[in-house]
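Comments concern the structure below.
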Amino acid sequence: MSGTTTYTDMYYFEETVAEATKEVGLRGVLGQTVIGFPAPDYKTAAETLAGTEKFFKTYANDSLIVPAVAPHAIYTVPDDILKASRALANRYKKPLVIHLSETKHENDEALAKRGKTPTGVLESLGVLTGSTVAAHGVWLDDADMKILKNRATGLAHCPSSNMKLASGVAKVGQILSLGIAMDWVPTE
């Protein structure tokens with residue numbers, strides 16, 4: 001009734017989300033969240049990656065479900081697991097979903113600790129070398145946007161979440177003018 005035909009999700013227990021999505025007849029790009037500490041569905045990142053691989057196989061040719069791997073963000077996932085997530089996505093030709101430059105704190109911390117923006121960190125690790133959807137993108141600079149454009153990374157615009165967190169406002173006009181794919185996400 002809302003006109004929604006497809007959505008992207010990133011969280012836990014994505015197998016359950018997939019079944020509910022199929023039950024109502026929606027299409028979903030469903031990202032199994034990988035995080036660097038125990039989560040409700042898997043206790044380690046290695047278990048999560050193994051579970052994600054099983055999820056990929058279960059929904060390999062499904063007409064409604066596109067399984068994805070979803071390392072949460074650079075500040076919650078170790079670099080080796082970010083790389084392993086990308087490798088898994090590429091091996092199965094599936095997307096990777098990740099939070100990116102959501103808050104000023106995230107951006108400032110990456111610059112202070114790594115000398116790079118979050119986008120620069122992902123680029124240096126090779127995480128953007130395949131189908132990728134990045135959520136938020138509030139604190140992107142011109143160099144970040146160039147990387148995202150060159151890597152054909154899509155952005156999910158999450159204005160409700162960004163306002164709730166007082167994260168700021170993404171440069172939507174500039175992002176779109178560069179030809180970076182951007183979808184609006186009403187809630188998170």
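Letters A, B, ... mark the chains of the structure tokens in the order given; residue numbers begin at 1 per chain; ligand numbers begin at 1, in order shown.
Backbone DSSP of segment 28-153 of chain A yields strand (DSSP E or B) at Gly28, Val29, Leu30, Gly31, Gln32, Thr33, Val34, Ile65, Val66, Pro67, Ala68, Val69, Ala70, Pro71, Leu96, Val97, Ile98, His99, Leu100, Thr132, Val133, Ala134, Ala135 and His136 of chain A.
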What lies within 8 Å of segment 96-112 of chain A using only C-alpha atoms, ignoring chain neighbours under 3 positions off, as a ChimeraX atom specification? /A:10,31,68-75,85-86,89,115-119,121,130-140,162,167-168
Go ahead and write the residues just picked, C-alpha atoms, as a PDB file, in the first residue's frame.
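Output contents, as saved in part-v8.pdb:
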ATOM      1  CA  MET A  10      21.045  -4.833   8.337  1.00  0.00           C
ATOM      2  CA  GLY A  31      22.485  -8.055   5.461  1.00  0.00           C
ATOM      3  CA  ALA A  68      24.202  -9.682   1.968  1.00  0.00           C
ATOM      4  CA  VAL A  69      27.007  -9.504   4.486  1.00  0.00           C
ATOM      5  CA  ALA A  70      26.843  -6.454   6.732  1.00  0.00           C
ATOM      6  CA  PRO A  71      29.930  -5.568   8.745  1.00  0.00           C
ATOM      7  CA  HIS A  72      28.497  -2.887  11.014  1.00  0.00           C
ATOM      8  CA  ALA A  73      31.115  -0.111  10.736  1.00  0.00           C
ATOM      9  CA  ILE A  74      34.859   0.540  10.891  1.00  0.00           C
ATOM     10  CA  TYR A  75      34.639   1.345  14.603  1.00  0.00           C
ATOM     11  CA  SER A  85      33.405  -9.798   4.859  1.00  0.00           C
ATOM     12  CA  ARG A  86      34.337  -8.285   1.495  1.00  0.00           C
ATOM     13  CA  ALA A  89      30.605 -11.075  -0.546  1.00  0.00           C
ATOM     14  CA  GLY A 115      44.852   9.506   9.334  1.00  0.00           C
ATOM     15  CA  LYS A 116      41.980   8.733   6.953  1.00  0.00           C
ATOM     16  CA  THR A 117      38.252   9.264   6.776  1.00  0.00           C
ATOM     17  CA  PRO A 118      36.051   6.187   7.215  1.00  0.00           C
ATOM     18  CA  THR A 119      35.682   6.030   3.411  1.00  0.00           C
ATOM     19  CA  VAL A 121      39.867   3.412   5.569  1.00  0.00           C
ATOM     20  CA  GLY A 130      32.417  -4.948  -5.015  1.00  0.00           C
ATOM     21  CA  SER A 131      28.707  -4.298  -4.720  1.00  0.00           C
ATOM     22  CA  THR A 132      28.329  -2.060  -1.663  1.00  0.00           C
ATOM     23  CA  VAL A 133      25.552  -0.103   0.013  1.00  0.00           C
ATOM     24  CA  ALA A 134      26.719   2.378   2.654  1.00  0.00           C
ATOM     25  CA  ALA A 135      24.208   3.806   5.114  1.00  0.00           C
ATOM     26  CA  HIS A 136      24.234   7.483   6.133  1.00  0.00           C
ATOM     27  CA  GLY A 137      27.202   9.255   4.492  1.00  0.00           C
ATOM     28  CA  VAL A 138      26.627  12.444   6.495  1.00  0.00           C
ATOM     29  CA  TRP A 139      30.296  13.361   6.950  1.00  0.00           C
ATOM     30  CA  LEU A 140      31.673  12.700   3.471  1.00  0.00           C
ATOM     31  CA  ASN A 162      20.438  11.222  11.355  1.00  0.00           C
ATOM     32  CA  SER A 167      24.346  13.525  13.203  1.00  0.00           C
ATOM     33  CA  GLY A 168      23.849  16.252  10.649  1.00  0.00           C
TER      34      GLY A 168
END
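Distance check against Leu128 of chain A using only C-alpha atoms: of A:Leu148, A:Ala20, A:Ala45, A:Ile175, the minimum falls on A:Leu148.
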Got a sec: who's within 12 Å of Thr129 of chain A, counting only C-alpha atoms, leaving out chain neighbours fewer than 5 positions off, as a list of chain:residue names? A:Leu82, A:Lys83, A:Ser85, A:Arg86, A:Ala87, A:Leu88, A:Ala89, A:Asn90, A:Arg91, A:Lys93, A:Lys94, A:Pro95, A:Leu96, A:Leu122, A:Glu123, A:Ser124, A:Ile147, A:Leu148, A:Lys149, A:Asn150, A:Arg151, A:Ala152, A:Thr153
Among segment 6-181 of chain A, which ones does DSSP place in helix (DSSP H, G or I), written as JSON, numbers by chain? {"A": [14, 15, 16, 17, 18, 19, 20, 21, 22, 23, 24, 45, 46, 47, 48, 49, 50, 51, 52, 53, 54, 55, 56, 57, 58, 79, 80, 81, 82, 83, 84, 85, 86, 87, 88, 89, 90, 91, 92, 104, 105, 106, 107, 108, 109, 110, 111, 112, 113, 114, 118, 119, 120, 121, 122, 123, 124, 125, 142, 143, 144, 145, 146, 147, 148, 149, 150, 159, 160, 161, 162, 163, 164, 172, 173, 174, 175, 176, 177]}
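Between atom CA of Ala143 of chain A and atom CA of Val172 of chain A there is a distance of 15.5 Å.
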Can you pull out every residue within 9 Å of Met182 of chain A, counting only C-alpha atoms, but drop anything in the same chain fewer than 5 positions away, and send it as a PyMOL selection string? chain A and resi 154-157+172+175-176
Output for the residues just chosen: all heavy atoms as a compact mmCIF listing (two decimals), in the first residue's frame:
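Final output, again.txt:
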# COMPACT_ATOMS: atom_id res chain seq x y z
N GLY A 154 26.67 2.55 -3.49
CA GLY A 154 25.41 3.23 -3.28
C GLY A 154 25.31 3.73 -1.85
O GLY A 154 25.93 3.19 -0.94
N LEU A 155 24.53 4.79 -1.66
CA LEU A 155 24.31 5.34 -0.33
C LEU A 155 22.84 5.23 0.04
O LEU A 155 21.97 5.52 -0.78
CB LEU A 155 24.72 6.81 -0.27
CG LEU A 155 26.20 7.10 -0.25
CD1 LEU A 155 26.46 8.60 -0.41
CD2 LEU A 155 26.83 6.60 1.04
N ALA A 156 22.58 4.83 1.27
CA ALA A 156 21.23 4.84 1.82
C ALA A 156 21.13 6.09 2.70
O ALA A 156 21.86 6.22 3.68
CB ALA A 156 20.97 3.59 2.63
N HIS A 157 20.27 6.99 2.31
CA HIS A 157 20.06 8.24 3.05
C HIS A 157 19.06 7.98 4.16
O HIS A 157 17.96 7.50 3.91
CB HIS A 157 19.54 9.30 2.07
CG HIS A 157 19.30 10.64 2.68
ND1 HIS A 157 20.17 11.22 3.57
CD2 HIS A 157 18.29 11.52 2.50
CE1 HIS A 157 19.71 12.41 3.91
NE2 HIS A 157 18.56 12.61 3.28
N VAL A 172 23.05 15.72 0.09
CA VAL A 172 22.28 14.97 -0.89
C VAL A 172 22.41 15.54 -2.29
O VAL A 172 22.64 14.81 -3.26
CB VAL A 172 20.79 14.88 -0.46
CG1 VAL A 172 19.95 14.21 -1.53
CG2 VAL A 172 20.67 14.15 0.87
N ILE A 175 25.87 14.79 -3.67
CA ILE A 175 26.01 13.35 -3.89
C ILE A 175 25.29 12.95 -5.18
O ILE A 175 25.85 12.26 -6.03
CB ILE A 175 25.47 12.57 -2.67
CG1 ILE A 175 26.41 12.78 -1.46
CG2 ILE A 175 25.29 11.08 -2.98
CD1 ILE A 175 25.82 12.38 -0.12
N LEU A 176 24.06 13.40 -5.32
CA LEU A 176 23.28 13.06 -6.51
C LEU A 176 23.86 13.68 -7.77
O LEU A 176 23.86 13.06 -8.84
CB LEU A 176 21.82 13.47 -6.33
CG LEU A 176 21.04 12.68 -5.27
CD1 LEU A 176 19.66 13.29 -5.07
CD2 LEU A 176 20.95 11.22 -5.63
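Distances from A:Phe55, A:Leu178, A:Ala46, A:Arg27 to Phe13 of chain A were compared using only C-alpha atoms, and the smallest one belongs to A:Phe55.
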I'd like the neighbourhood of Glu47 of chain A as number ranges by chain, where a residue qualifies if any of its atoms comes within 10 Å (using only C-alpha atoms), though same-chain residues fewer than 5 positions away should be ignored. A: 34, 38, 41-42, 52-53
Would you save the residues of that selection, restricted to C-alpha atoms, as a compact mmCIF listing (two decimals), in the first residue's frame?
# COMPACT_ATOMS: atom_id res chain seq x y z
CA VAL A 34 28.97 -8.83 11.50
CA PRO A 38 29.13 -11.09 20.93
CA ASP A 41 22.55 -14.43 17.04
CA TYR A 42 26.28 -15.24 16.85
CA THR A 52 26.34 -15.59 6.53
CA GLU A 53 27.82 -18.08 4.09
